[in-house]
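J.: Below is the file data-v3.pdb, with PDB, C-alpha atoms and all ligand atoms.
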```
ATOM      1  CA  MET V   2    -103.037  83.589 263.526  1.00  0.00           C
ATOM      2  CA  LYS V   3    -102.791  84.450 267.203  1.00  0.00           C
ATOM      3  CA  ARG V   4    -103.289  80.851 268.045  1.00  0.00           C
ATOM      4  CA  PHE V   5    -100.477  79.871 265.690  1.00  0.00           C
ATOM      5  CA  ILE V   6     -98.126  82.429 267.269  1.00  0.00           C
ATOM      6  CA  ASP V   7     -99.096  81.230 270.735  1.00  0.00           C
ATOM      7  CA  ASN V   8     -98.336  77.671 269.740  1.00  0.00           C
ATOM      8  CA  VAL V   9     -94.925  78.626 268.334  1.00  0.00           C
ATOM      9  CA  LEU V  10     -94.047  80.595 271.458  1.00  0.00           C
ATOM     10  CA  GLU V  11     -95.149  77.747 273.705  1.00  0.00           C
ATOM     11  CA  LYS V  12     -93.047  75.293 271.700  1.00  0.00           C
ATOM     12  CA  ALA V  13     -90.038  77.629 271.920  1.00  0.00           C
ATOM     13  CA  ARG V  14     -90.521  77.985 275.722  1.00  0.00           C
ATOM     14  CA  ARG V  15     -90.623  74.205 276.095  1.00  0.00           C
ATOM     15  CA  ILE V  16     -87.430  73.780 274.031  1.00  0.00           C
ATOM     16  CA  LEU V  17     -85.607  76.461 276.041  1.00  0.00           C
ATOM     17  CA  LYS V  18     -86.813  74.943 279.281  1.00  0.00           C
ATOM     18  CA  LYS V  19     -85.621  71.509 278.211  1.00  0.00           C
ATOM     19  CA  GLU V  20     -82.191  72.797 277.104  1.00  0.00           C
ATOM     20  CA  GLY V  21     -81.779  74.738 280.304  1.00  0.00           C
ATOM     21  CA  HIS V  22     -82.567  71.680 282.326  1.00  0.00           C
ATOM     22  CA  SER V  23     -80.224  69.434 280.439  1.00  0.00           C
ATOM     23  CA  ARG V  24     -77.434  72.045 280.620  1.00  0.00           C
ATOM     24  CA  LYS V  25     -77.958  72.214 284.351  1.00  0.00           C
ATOM     25  CA  GLU V  26     -77.663  68.447 284.519  1.00  0.00           C
ATOM     26  CA  ALA V  27     -74.448  68.539 282.489  1.00  0.00           C
ATOM     27  CA  GLU V  28     -72.942  71.157 284.815  1.00  0.00           C
ATOM     28  CA  THR V  29     -73.871  69.299 287.991  1.00  0.00           C
ATOM     29  CA  PRO V  30     -70.644  67.283 288.479  1.00  0.00           C
ATOM     30  CA  SER V  31     -68.400  70.341 288.220  1.00  0.00           C
ATOM     31  CA  VAL V  32     -70.483  72.466 290.588  1.00  0.00           C
ATOM     32  CA  VAL V  33     -71.194  69.947 293.371  1.00  0.00           C
ATOM     33  CA  PRO V  34     -68.175  68.172 294.966  1.00  0.00           C
ATOM     34  CA  ALA V  35     -67.798  64.474 294.286  1.00  0.00           C
ATOM     35  CA  ALA V  36     -70.214  62.313 296.234  1.00  0.00           C
ATOM     36  CA  THR V  37     -67.457  60.026 297.642  1.00  0.00           C
ATOM     37  CA  PRO V  38     -65.551  61.887 300.398  1.00  0.00           C
ATOM     38  CA  VAL V  39     -61.784  62.034 299.898  1.00  0.00           C
ATOM     39  CA  PRO V  40     -60.059  60.885 303.144  1.00  0.00           C
ATOM     40  CA  GLU V  41     -58.115  63.732 304.729  1.00  0.00           C
ATOM     41  CA  LYS V  42     -54.568  63.247 306.019  1.00  0.00           C
ATOM     42  CA  PRO V  43     -54.548  63.299 309.847  1.00  0.00           C
ATOM     43  CA  PHE V  44     -53.332  66.671 311.049  1.00  0.00           C
ATOM     44  CA  VAL V  45     -50.119  66.373 313.070  1.00  0.00           C
ATOM     45  CA  THR V  46     -49.282  69.309 315.299  1.00  0.00           C
ATOM     46  CA  GLN V  47     -45.725  70.481 315.833  1.00  0.00           C
ATOM     47  CA  ALA V  48     -45.898  69.363 319.484  1.00  0.00           C
ATOM     48  CA  GLN V  49     -47.110  65.896 318.473  1.00  0.00           C
ATOM     49  CA  ARG V  50     -44.288  65.577 315.952  1.00  0.00           C
ATOM     50  CA  ARG V  51     -41.731  66.694 318.568  1.00  0.00           C
ATOM     51  CA  ARG V  52     -43.052  64.048 320.997  1.00  0.00           C
ATOM     52  CA  GLU V  53     -42.757  61.307 318.362  1.00  0.00           C
ATOM     53  CA  LEU V  54     -39.173  62.323 317.533  1.00  0.00           C
ATOM     54  CA  MET V  55     -38.163  62.315 321.207  1.00  0.00           C
ATOM     55  CA  MET V  56     -39.782  58.912 321.865  1.00  0.00           C
ATOM     56  CA  ALA V  57     -37.939  57.489 318.833  1.00  0.00           C
ATOM     57  CA  LYS V  58     -34.568  58.224 320.492  1.00  0.00           C
ATOM     58  CA  PRO V  59     -33.643  55.346 322.865  1.00  0.00           C
ATOM     59  CA  SER V  60     -31.152  57.600 324.694  1.00  0.00           C
ATOM     60  CA  PHE V  61     -34.038  59.640 326.077  1.00  0.00           C
ATOM     61  CA  LEU V  62     -34.783  57.562 329.178  1.00  0.00           C
ATOM     62  CA  TYR V  63     -37.089  59.894 331.092  1.00  0.00           C
ATOM     63  CA  ILE V  64     -40.240  61.879 330.515  1.00  0.00           C
ATOM     64  CA  TYR V  65     -40.969  65.229 332.103  1.00  0.00           C
ATOM     65  CA  ASP V  66     -44.365  66.865 332.503  1.00  0.00           C
ATOM     66  CA  THR V  67     -43.871  70.646 332.425  1.00  0.00           C
ATOM     67  CA  ALA V  68     -47.338  71.244 333.893  1.00  0.00           C
ATOM     68  CA  ASN V  69     -46.740  69.575 337.269  1.00  0.00           C
ATOM     69  CA  ASP V  70     -42.930  69.169 337.374  1.00  0.00           C
ATOM     70  CA  VAL V  71     -43.164  65.353 337.700  1.00  0.00           C
ATOM     71  CA  TYR V  72     -40.719  62.941 336.027  1.00  0.00           C
ATOM     72  CA  HIS V  73     -41.451  59.432 334.678  1.00  0.00           C
ATOM     73  CA  ASP V  74     -39.743  56.418 333.173  1.00  0.00           C
ATOM     74  CA  ARG V  75     -40.068  56.416 329.362  1.00  0.00           C
ATOM     75  CA  GLU V  76     -42.478  53.446 329.493  1.00  0.00           C
ATOM     76  CA  CYS V  77     -44.743  54.738 332.259  1.00  0.00           C
ATOM     77  CA  LYS V  78     -48.428  54.387 331.368  1.00  0.00           C
ATOM     78  CA  PHE V  79     -49.262  57.580 333.266  1.00  0.00           C
ATOM     79  CA  ALA V  80     -46.896  59.561 331.050  1.00  0.00           C
ATOM     80  CA  GLN V  81     -49.028  58.664 328.037  1.00  0.00           C
ATOM     81  CA  ALA V  82     -51.726  61.010 329.325  1.00  0.00           C
ATOM     82  CA  ILE V  83     -49.399  64.043 329.285  1.00  0.00           C
ATOM     83  CA  PRO V  84     -50.573  66.498 326.575  1.00  0.00           C
ATOM     84  CA  ASP V  85     -48.075  66.944 323.704  1.00  0.00           C
ATOM     85  CA  GLU V  86     -47.461  70.600 324.601  1.00  0.00           C
ATOM     86  CA  GLU V  87     -46.340  69.658 328.127  1.00  0.00           C
ATOM     87  CA  PHE V  88     -44.321  66.575 327.119  1.00  0.00           C
ATOM     88  CA  ARG V  89     -40.507  66.693 327.338  1.00  0.00           C
ATOM     89  CA  MET V  90     -37.781  64.011 327.512  1.00  0.00           C
ATOM     90  CA  LEU V  91     -34.244  63.870 328.897  1.00  0.00           C
ATOM     91  CA  GLU V  92     -31.274  61.490 328.929  1.00  0.00           C
ATOM     92  CA  GLY V  93     -29.839  61.841 332.432  1.00  0.00           C
ATOM     93  CA  PHE V  94     -31.571  60.700 335.607  1.00  0.00           C
ATOM     94  CA  PRO V  95     -33.222  63.785 337.166  1.00  0.00           C
ATOM     95  CA  LYS V  96     -31.612  63.795 340.614  1.00  0.00           C
ATOM     96  CA  GLY V  97     -33.565  65.474 343.400  1.00  0.00           C
ATOM     97  CA  LYS V  98     -36.689  65.904 341.281  1.00  0.00           C
ATOM     98  CA  GLN V  99     -40.191  64.695 342.015  1.00  0.00           C
ATOM     99  CA  PHE V 100     -40.760  61.273 340.471  1.00  0.00           C
ATOM    100  CA  CYS V 101     -43.964  59.406 339.703  1.00  0.00           C
ATOM    101  CA  SER V 102     -44.264  56.723 342.402  1.00  0.00           C
ATOM    102  CA  SER V 103     -45.566  54.199 339.880  1.00  0.00           C
ATOM    103  CA  CYS V 104     -42.397  54.101 337.746  1.00  0.00           C
ATOM    104  CA  TYR V 105     -39.632  55.291 340.120  1.00  0.00           C
ATOM    105  CA  ARG V 106     -38.014  51.844 340.600  1.00  0.00           C
ATOM    106  CA  LYS V 107     -38.122  51.080 336.903  1.00  0.00           C
ATOM    107  CA  ALA V 108     -36.610  54.501 336.172  1.00  0.00           C
ATOM    108  CA  MET V 109     -33.605  53.814 338.445  1.00  0.00           C
ATOM    109  CA  ILE V 110     -32.997  50.356 336.956  1.00  0.00           C
ATOM    110  CA  ARG V 111     -33.387  51.900 333.473  1.00  0.00           C
ATOM    111  CA  LYS V 112     -30.226  53.937 334.100  1.00  0.00           C
ATOM    112  CA  GLY V 113     -28.178  50.776 334.616  1.00  0.00           C
ATOM    113  CA  ILE V 114     -29.601  48.728 331.813  1.00  0.00           C
ATOM    114  CA  ALA V 115     -28.139  50.332 328.637  1.00  0.00           C
ATOM    115  CA  SER V 116     -28.550  48.016 325.650  1.00  0.00           C
ATOM    116  CA  GLN V 117     -30.771  45.532 327.508  1.00  0.00           C
ATOM    117  CA  SER V 118     -33.689  47.943 327.704  1.00  0.00           C
ATOM    118  CA  HIS V 119     -36.042  45.364 326.196  1.00  0.00           C
ATOM    119  CA  ARG V 120     -35.466  43.137 329.270  1.00  0.00           C
ATOM    120  CA  ILE V 121     -36.242  45.792 331.845  1.00  0.00           C
ATOM    121  CA  ASN V 122     -39.326  44.009 333.208  1.00  0.00           C
ATOM    122  CA  SER V 123     -37.241  40.885 333.911  1.00  0.00           C
ATOM    123  CA  TYR V 124     -34.690  42.984 335.798  1.00  0.00           C
ATOM    124  CA  VAL V 125     -37.409  44.802 337.768  1.00  0.00           C
ATOM    125  CA  HIS V 126     -38.865  41.406 338.674  1.00  0.00           C
ATOM    126  CA  ALA V 127     -35.448  40.068 339.763  1.00  0.00           C
ATOM    127  CA  PHE V 128     -34.636  43.103 341.946  1.00  0.00           C
ATOM    128  CA  ASN V 129     -38.114  42.896 343.495  1.00  0.00           C
ATOM    129  CA  GLY V 130     -37.359  39.232 344.279  1.00  0.00           C
ATOM    130  CA  PHE V 131     -34.064  40.276 345.933  1.00  0.00           C
ATOM    131  CA  GLY V 132     -36.044  42.597 348.219  1.00  0.00           C
ATOM    132  CA  ALA V 133     -34.263  45.701 346.873  1.00  0.00           C
ATOM    133  CA  LYS V 134     -35.367  48.941 348.529  1.00  0.00           C
ATOM    134  CA  ASN V 135     -35.616  52.170 346.562  1.00  0.00           C
ATOM    135  CA  GLU V 136     -32.567  53.610 348.355  1.00  0.00           C
ATOM    136  CA  ASP V 137     -30.541  50.467 347.456  1.00  0.00           C
ATOM    137  CA  LEU V 138     -31.391  50.855 343.782  1.00  0.00           C
ATOM    138  CA  TYR V 139     -30.577  54.562 343.928  1.00  0.00           C
ATOM    139  CA  LYS V 140     -27.180  53.908 345.504  1.00  0.00           C
ATOM    140  CA  LEU V 141     -26.361  51.138 343.038  1.00  0.00           C
ATOM    141  CA  PHE V 142     -27.547  52.605 339.737  1.00  0.00           C
ATOM    142  CA  ILE V 143     -27.571  56.373 340.237  1.00  0.00           C
ATOM    143  CA  THR V 144     -24.813  57.132 342.768  1.00  0.00           C
ATOM    144  CA  HIS V 145     -22.387  54.326 341.782  1.00  0.00           C
ATOM    145  CA  LYS V 146     -23.482  54.063 338.124  1.00  0.00           C
ATOM    146  CA  ALA V 147     -23.687  50.239 338.157  1.00  0.00           C
ATOM    147  CA  GLN V 148     -24.513  48.513 334.865  1.00  0.00           C
ATOM    148  CA  VAL V 149     -26.305  45.189 334.558  1.00  0.00           C
ATOM    149  CA  VAL V 150     -24.427  42.523 332.591  1.00  0.00           C
ATOM    150  CA  SER V 151     -26.812  39.566 332.433  1.00  0.00           C
ATOM    151  CA  ILE V 152     -29.809  37.886 334.011  1.00  0.00           C
ATOM    152  CA  SER V 153     -30.465  34.175 334.436  1.00  0.00           C
ATOM    153  CA  LYS V 154     -33.408  32.506 332.723  1.00  0.00           C
ATOM    154  CA  GLY V 155     -35.511  32.142 335.856  1.00  0.00           C
ATOM    155  CA  GLU V 156     -34.647  35.707 336.975  1.00  0.00           C
ATOM    156  CA  GLN V 157     -32.998  34.259 340.122  1.00  0.00           C
ATOM    157  CA  ALA V 158     -29.519  35.638 339.382  1.00  0.00           C
ATOM    158  CA  VAL V 159     -28.257  38.962 338.060  1.00  0.00           C
ATOM    159  CA  CYS V 160     -24.722  39.939 337.121  1.00  0.00           C
ATOM    160  CA  VAL V 161     -23.783  43.590 337.756  1.00  0.00           C
ATOM    161  CA  GLN V 162     -20.703  45.666 336.952  1.00  0.00           C
ATOM    162  CA  VAL V 163     -19.744  48.326 339.523  1.00  0.00           C
ATOM    163  CA  LYS V 164     -16.723  50.296 338.313  1.00  0.00           C
ATOM    164  CA  ASP V 165     -13.973  47.641 337.766  1.00  0.00           C
ATOM    165  CA  ASP V 166     -15.707  44.787 339.548  1.00  0.00           C
ATOM    166  CA  ARG V 167     -18.276  42.290 338.434  1.00  0.00           C
ATOM    167  CA  TRP V 168     -20.708  40.758 340.914  1.00  0.00           C
ATOM    168  CA  ARG V 169     -23.255  37.993 340.755  1.00  0.00           C
ATOM    169  CA  ILE V 170     -26.308  38.281 343.006  1.00  0.00           C
ATOM    170  CA  GLN V 171     -28.285  35.091 343.354  1.00  0.00           C
ATOM    171  CA  LYS V 172     -31.377  34.079 345.251  1.00  0.00           C
ATOM    172  CA  GLN V 173     -31.188  30.489 346.457  1.00  0.00           C
ATOM    173  CA  ASP V 174     -33.539  28.803 348.922  1.00  0.00           C
ATOM    174  CA  GLY V 175     -34.897  32.214 349.936  1.00  0.00           C
ATOM    175  CA  LYS V 176     -31.433  33.593 350.739  1.00  0.00           C
ATOM    176  CA  LEU V 177     -29.225  35.993 348.823  1.00  0.00           C
ATOM    177  CA  LEU V 178     -25.728  34.953 347.787  1.00  0.00           C
ATOM    178  CA  LEU V 179     -23.047  37.259 346.445  1.00  0.00           C
ATOM    179  CA  HIS V 180     -20.197  36.211 344.192  1.00  0.00           C
ATOM    180  CA  HIS V 181     -17.284  38.406 343.137  1.00  0.00           C
ATOM    181  CA  ASN V 182     -15.083  38.161 340.047  1.00  0.00           C
ATOM    182  CA  ASN V 183     -11.731  36.493 340.585  1.00  0.00           C
ATOM    183  CA  TYR V 184      -8.614  38.640 340.703  1.00  0.00           C
ATOM    184  CA  ARG V 185      -5.119  38.724 342.137  1.00  0.00           C
ATOM    185  CA  VAL V 186      -3.228  41.737 343.398  1.00  0.00           C
ATOM    186  CA  ARG V 187       0.169  42.621 342.005  1.00  0.00           C
ATOM    187  CA  PRO V 188       2.881  43.799 344.429  1.00  0.00           C
ATOM    188  CA  GLY V 189       2.198  47.418 343.404  1.00  0.00           C
ATOM    189  CA  GLY V 190      -1.476  47.019 344.364  1.00  0.00           C
ATOM    190  CA  GLU V 191      -2.823  46.719 340.830  1.00  0.00           C
ATOM    191  CA  ARG V 192      -5.573  44.111 340.494  1.00  0.00           C
ATOM    192  CA  ILE V 193      -5.497  41.599 337.653  1.00  0.00           C
ATOM    193  CA  PHE V 194      -8.874  40.053 336.819  1.00  0.00           C
ATOM    194  CA  TYR V 195      -9.276  36.524 335.529  1.00  0.00           C
ATOM    195  CA  ASP V 196     -12.192  34.208 334.759  1.00  0.00           C
ATOM    196  CA  GLY V 197     -14.623  32.902 337.333  1.00  0.00           C
ATOM    197  CA  PHE V 198     -16.198  34.056 340.572  1.00  0.00           C
ATOM    198  CA  HIS V 199     -15.626  33.396 344.275  1.00  0.00           C
ATOM    199  CA  ARG V 200     -18.138  33.553 347.094  1.00  0.00           C
ATOM    200  CA  GLN V 201     -18.113  36.956 348.774  1.00  0.00           C
ATOM    201  CA  LYS V 202     -18.725  37.194 352.486  1.00  0.00           C
ATOM    202  CA  VAL V 203     -21.479  39.700 353.291  1.00  0.00           C
ATOM    203  CA  GLU V 204     -21.494  41.404 356.684  1.00  0.00           C
ATOM    204  CA  GLY V 205     -24.862  41.844 358.397  1.00  0.00           C
ATOM    205  CA  SER V 206     -27.984  39.761 357.879  1.00  0.00           C
ATOM    206  CA  GLY V 207     -27.443  39.254 354.153  1.00  0.00           C
ATOM    207  CA  THR V 208     -30.149  41.567 352.875  1.00  0.00           C
ATOM    208  CA  PHE V 209     -29.940  43.335 349.524  1.00  0.00           C
ATOM    209  CA  THR V 210     -28.939  46.488 351.419  1.00  0.00           C
ATOM    210  CA  ASP V 211     -25.939  44.606 352.866  1.00  0.00           C
ATOM    211  CA  ILE V 212     -25.026  43.305 349.411  1.00  0.00           C
ATOM    212  CA  VAL V 213     -25.181  46.785 347.865  1.00  0.00           C
ATOM    213  CA  ARG V 214     -22.944  48.070 350.667  1.00  0.00           C
ATOM    214  CA  VAL V 215     -20.313  45.450 349.797  1.00  0.00           C
ATOM    215  CA  MET V 216     -20.537  46.067 346.037  1.00  0.00           C
ATOM    216  CA  CYS V 217     -20.398  49.836 346.258  1.00  0.00           C
ATOM    217  CA  TYR V 218     -17.731  50.155 348.945  1.00  0.00           C
ATOM    218  CA  HIS V 219     -15.703  47.085 348.066  1.00  0.00           C
ATOM    219  CA  GLU V 220     -12.430  48.961 347.635  1.00  0.00           C
ATOM    220  CA  VAL V 221     -12.873  50.706 350.974  1.00  0.00           C
ATOM    221  CA  LEU V 222     -13.663  47.388 352.707  1.00  0.00           C
ATOM    222  CA  GLY V 223     -10.780  45.642 350.935  1.00  0.00           C
ATOM    223  CA  ALA V 224      -8.298  48.301 352.064  1.00  0.00           C
ATOM    224  CA  ARG V 225      -9.354  47.812 355.677  1.00  0.00           C
ATOM    225  CA  LYS V 226      -8.642  44.080 355.696  1.00  0.00           C
TER     226      LYS V 226
HETATM  227 ZN    ZN V 301     -44.661  57.322 335.965  1.00  0.00          ZN
END
```
Will you turn the file into structure tokens for me?

T.:
Amino acid sequence: MKRFIDNVLEKARRILKKEGHSRKEAETPSVVPAATPVPEKPFVTQAQRRRELMMAKPSFLYIYDTANDVYHDRECKFAQAIPDEEFRMLEGFPKGKQFCSSCYRKAMIRKGIASQSHRINSYVHAFNGFGAKNEDLYKLFITHKAQVVSISKGEQAVCVQVKDDRWRIQKQDGKLLLHHNNYRVRPGGERIFYDGFHRQKVEGSGTFTDIVRVMCYHEVLGARK
């Protein structure tokens, strides 16, 4: 009899054990997370988002690093290393501020390039070819707010607008030539512009500095003659 009871109990234990095991197996998927990891969305900080929004605005021409008080052109490779929290942008050229020496020339030309921003490297190349000094570019684009109009295919000639006047700077046989838009003066002194250019005499040795002097102070020079 005892043996019979023992057998029954043993059988019952085995059944319970088996059920318990299978129940555990059935519960497994809901207890343990799925084996395939679900890709997480990349976490974007507020500062990162702010940087992206600023960079998306073409009117923001300059980058400012709040940590060291240094300004950059918007395309400067060194500005890419600025942490998001210290990254700021601005529209106007930061006069009298410390500029990154790597992008300073590009930053000045950037101010005079408006809608032709995509061609900035061609303009930088052309002004380098003209032998433009930093102070020439500053006078032309920052002080006198000149705007570029066009550039020739080979980057040998650039057309620039300075206030009312349009000028064509051209490098030919290693020398710089300056052409000025045609105009006539009415008896009252008002100038009437018409198509075409005439050769402009440049005082001095014909450097880019001399050319900038003529373009920026043309009205003063004209009044003296
Ligand atoms: Zn820079």

J.: In Å, how far is it from CA of Met90 in chain V to CA of Ala147 in chain V?

T.: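 Going from CA of Met90 in chain V over to CA of Ala147 in chain V covers 22.4 Å.
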
J.: Selected by the PyMOL selection byres (((chain V and resi 83) around 12) and not hetatm) in the shown coordinates: which residues, as a PyMOL selection string?

T.: chain V and resi 48-49+52+64-73+77-82+84-90

J.: List, as a PDB file with C-alpha atoms, in the frame of the given file, every residue that the PyMOL selection byres (((chain V and resi 112) around 8) and not hetatm) selects in the file provided.

T.:
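This went into expr_0.pdb:
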```pdb
ATOM      1  CA  LEU V  62     -34.783  57.562 329.178  1.00  0.00           C
ATOM      2  CA  PHE V  94     -31.571  60.700 335.607  1.00  0.00           C
ATOM      3  CA  ALA V 108     -36.610  54.501 336.172  1.00  0.00           C
ATOM      4  CA  MET V 109     -33.605  53.814 338.445  1.00  0.00           C
ATOM      5  CA  ILE V 110     -32.997  50.356 336.956  1.00  0.00           C
ATOM      6  CA  ARG V 111     -33.387  51.900 333.473  1.00  0.00           C
ATOM      7  CA  GLY V 113     -28.178  50.776 334.616  1.00  0.00           C
ATOM      8  CA  ILE V 114     -29.601  48.728 331.813  1.00  0.00           C
ATOM      9  CA  ALA V 115     -28.139  50.332 328.637  1.00  0.00           C
ATOM     10  CA  PHE V 142     -27.547  52.605 339.737  1.00  0.00           C
ATOM     11  CA  ILE V 143     -27.571  56.373 340.237  1.00  0.00           C
ATOM     12  CA  LYS V 146     -23.482  54.063 338.124  1.00  0.00           C
ATOM     13  CA  GLN V 148     -24.513  48.513 334.865  1.00  0.00           C
TER      14      GLN V 148
END
```

J.: Please evaluate the PyMOL selection byres (((chain V and resi 136) around 12) and not hetatm) against the displayed coordinates and give the resulting residues as number ranges by chain.

T.: V: 105-106, 109-110, 132-135, 137-144, 209-210, 213-214

J.: For a quick check of understanding, using only C-alpha atoms and all ligand atoms, which of V:Cys101, V:Cys160, V:Leu178, V:Ile152 has the smallest distance to ligand ZN 301 (chain V)?

T.: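 Of V:Cys101, V:Cys160, V:Leu178, V:Ile152, the one nearest ligand ZN 301 (chain V), counting only C-alpha atoms and all ligand atoms, is V:Cys101.
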
J.: Please report the interatomic distance between CA of Gly130 in chain V and CA of Glu76 in chain V in Å with one decimal.

T.: 21.1 Å

J.: Of the candidates V:Leu177, V:Asn183, V:Ser102, V:Gly197, which shows the shortest atom-to-atom distance to ligand ZN 301 (chain V), using only C-alpha atoms and all ligand atoms?

T.: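 Comparing V:Leu177, V:Asn183, V:Ser102, V:Gly197 against ligand ZN 301 (chain V), the winner is V:Ser102.
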
J.: Report, in Å to a single decimal, how far apart CA of Trp168 in chain V and CA of Gln201 in chain V are.

T.: 9.1 Å

J.: Go through V:Ser153, V:Phe61, V:Cys104, V:Asp74 and flag the residue nearest Glu92 in chain V, using all atoms listed in the file for the distances.

T.: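 Going through V:Ser153, V:Phe61, V:Cys104, V:Asp74 one by one, the smallest distance to Glu92 in chain V is for V:Phe61.
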
J.: Choose the residue, out of V:Lys164, V:Lys172, V:His199, V:Arg75, that has the smallest atom-to-atom separation from ligand ZN 301 (chain V); count all atoms listed in the file.

T.: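 Of the candidates, the smallest distance to ligand ZN 301 (chain V) is held by V:Arg75.
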
J.: Excluding Leu179 in chain V and any residue of its chain fewer than 2 positions from it, enumerate the residues within 8 Å of it, using all atoms listed in the file, and give them as a CSV table (one decimal) with C-alpha atoms, in the frame of the given file.

T.:
```csv
chain,number,residue,atom,x,y,z
V,168,TRP,CA,-20.7,40.8,340.9
V,169,ARG,CA,-23.3,38.0,340.8
V,170,ILE,CA,-26.3,38.3,343.0
V,171,GLN,CA,-28.3,35.1,343.4
V,177,LEU,CA,-29.2,36.0,348.8
V,181,HIS,CA,-17.3,38.4,343.1
V,200,ARG,CA,-18.1,33.6,347.1
V,201,GLN,CA,-18.1,37.0,348.8
V,202,LYS,CA,-18.7,37.2,352.5
V,203,VAL,CA,-21.5,39.7,353.3
V,212,ILE,CA,-25.0,43.3,349.4
```

J.: From the set V:Asp174, V:His180, V:Asp166, V:Lys107, which residue has the shortest atom-to-atom contact distance to Ile193 in chain V, counting all atoms listed in the file?

T.: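 Of V:Asp174, V:His180, V:Asp166, V:Lys107, the one nearest Ile193 in chain V, counting all atoms listed in the file, is V:Asp166.
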
J.: Between V:Thr37, V:Glu53, V:Phe100, V:Val186, which one has atoms that come closest to ligand ZN 301 (chain V), using all atoms listed in the file?

T.: V:Phe100

J.: Kindly reconstruct range 76-91 of chain V with N, CA and C atoms and present the result as a short mmCIF file (atom, residue, chain, number, x, y, z; two decimals), in the frame of the given file.

T.:
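In the end it all went to rebuild13.cif:
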```
data_model
loop_
_atom_site.label_atom_id
_atom_site.label_comp_id
_atom_site.auth_asym_id
_atom_site.auth_seq_id
_atom_site.Cartn_x
_atom_site.Cartn_y
_atom_site.Cartn_z
N GLU V 76 -41.39 54.38 329.80
CA GLU V 76 -42.48 53.45 329.49
C GLU V 76 -43.67 53.60 330.44
N CYS V 77 -43.67 54.60 331.27
CA CYS V 77 -44.74 54.74 332.26
C CYS V 77 -46.09 55.01 331.58
N LYS V 78 -47.10 54.23 331.99
CA LYS V 78 -48.43 54.39 331.37
C LYS V 78 -49.07 55.74 331.72
N PHE V 79 -48.68 56.29 332.87
CA PHE V 79 -49.26 57.58 333.27
C PHE V 79 -48.70 58.72 332.41
N ALA V 80 -47.51 58.52 331.89
CA ALA V 80 -46.90 59.56 331.05
C ALA V 80 -47.60 59.68 329.70
N GLN V 81 -48.31 58.63 329.33
CA GLN V 81 -49.03 58.66 328.04
C GLN V 81 -50.13 59.72 328.03
N ALA V 82 -50.63 60.04 329.22
CA ALA V 82 -51.73 61.01 329.32
C ALA V 82 -51.25 62.46 329.30
N ILE V 83 -49.92 62.67 329.30
CA ILE V 83 -49.40 64.04 329.28
C ILE V 83 -49.69 64.67 327.91
N PRO V 84 -50.31 65.85 327.88
CA PRO V 84 -50.57 66.50 326.58
C PRO V 84 -49.25 66.80 325.85
N ASP V 85 -49.28 66.75 324.52
CA ASP V 85 -48.08 66.94 323.70
C ASP V 85 -47.33 68.23 324.06
N GLU V 86 -48.08 69.29 324.33
CA GLU V 86 -47.46 70.60 324.60
C GLU V 86 -46.64 70.59 325.89
N GLU V 87 -47.02 69.70 326.82
CA GLU V 87 -46.34 69.66 328.13
C GLU V 87 -45.33 68.52 328.21
N PHE V 88 -45.14 67.79 327.15
CA PHE V 88 -44.32 66.58 327.12
C PHE V 88 -42.87 66.90 326.75
N ARG V 89 -41.94 66.52 327.62
CA ARG V 89 -40.51 66.69 327.34
C ARG V 89 -39.79 65.39 327.70
N MET V 90 -38.57 65.19 327.15
CA MET V 90 -37.78 64.01 327.51
C MET V 90 -36.35 64.41 327.81
N LEU V 91 -35.64 63.58 328.59
CA LEU V 91 -34.24 63.87 328.90
C LEU V 91 -33.46 62.57 329.04
#
```
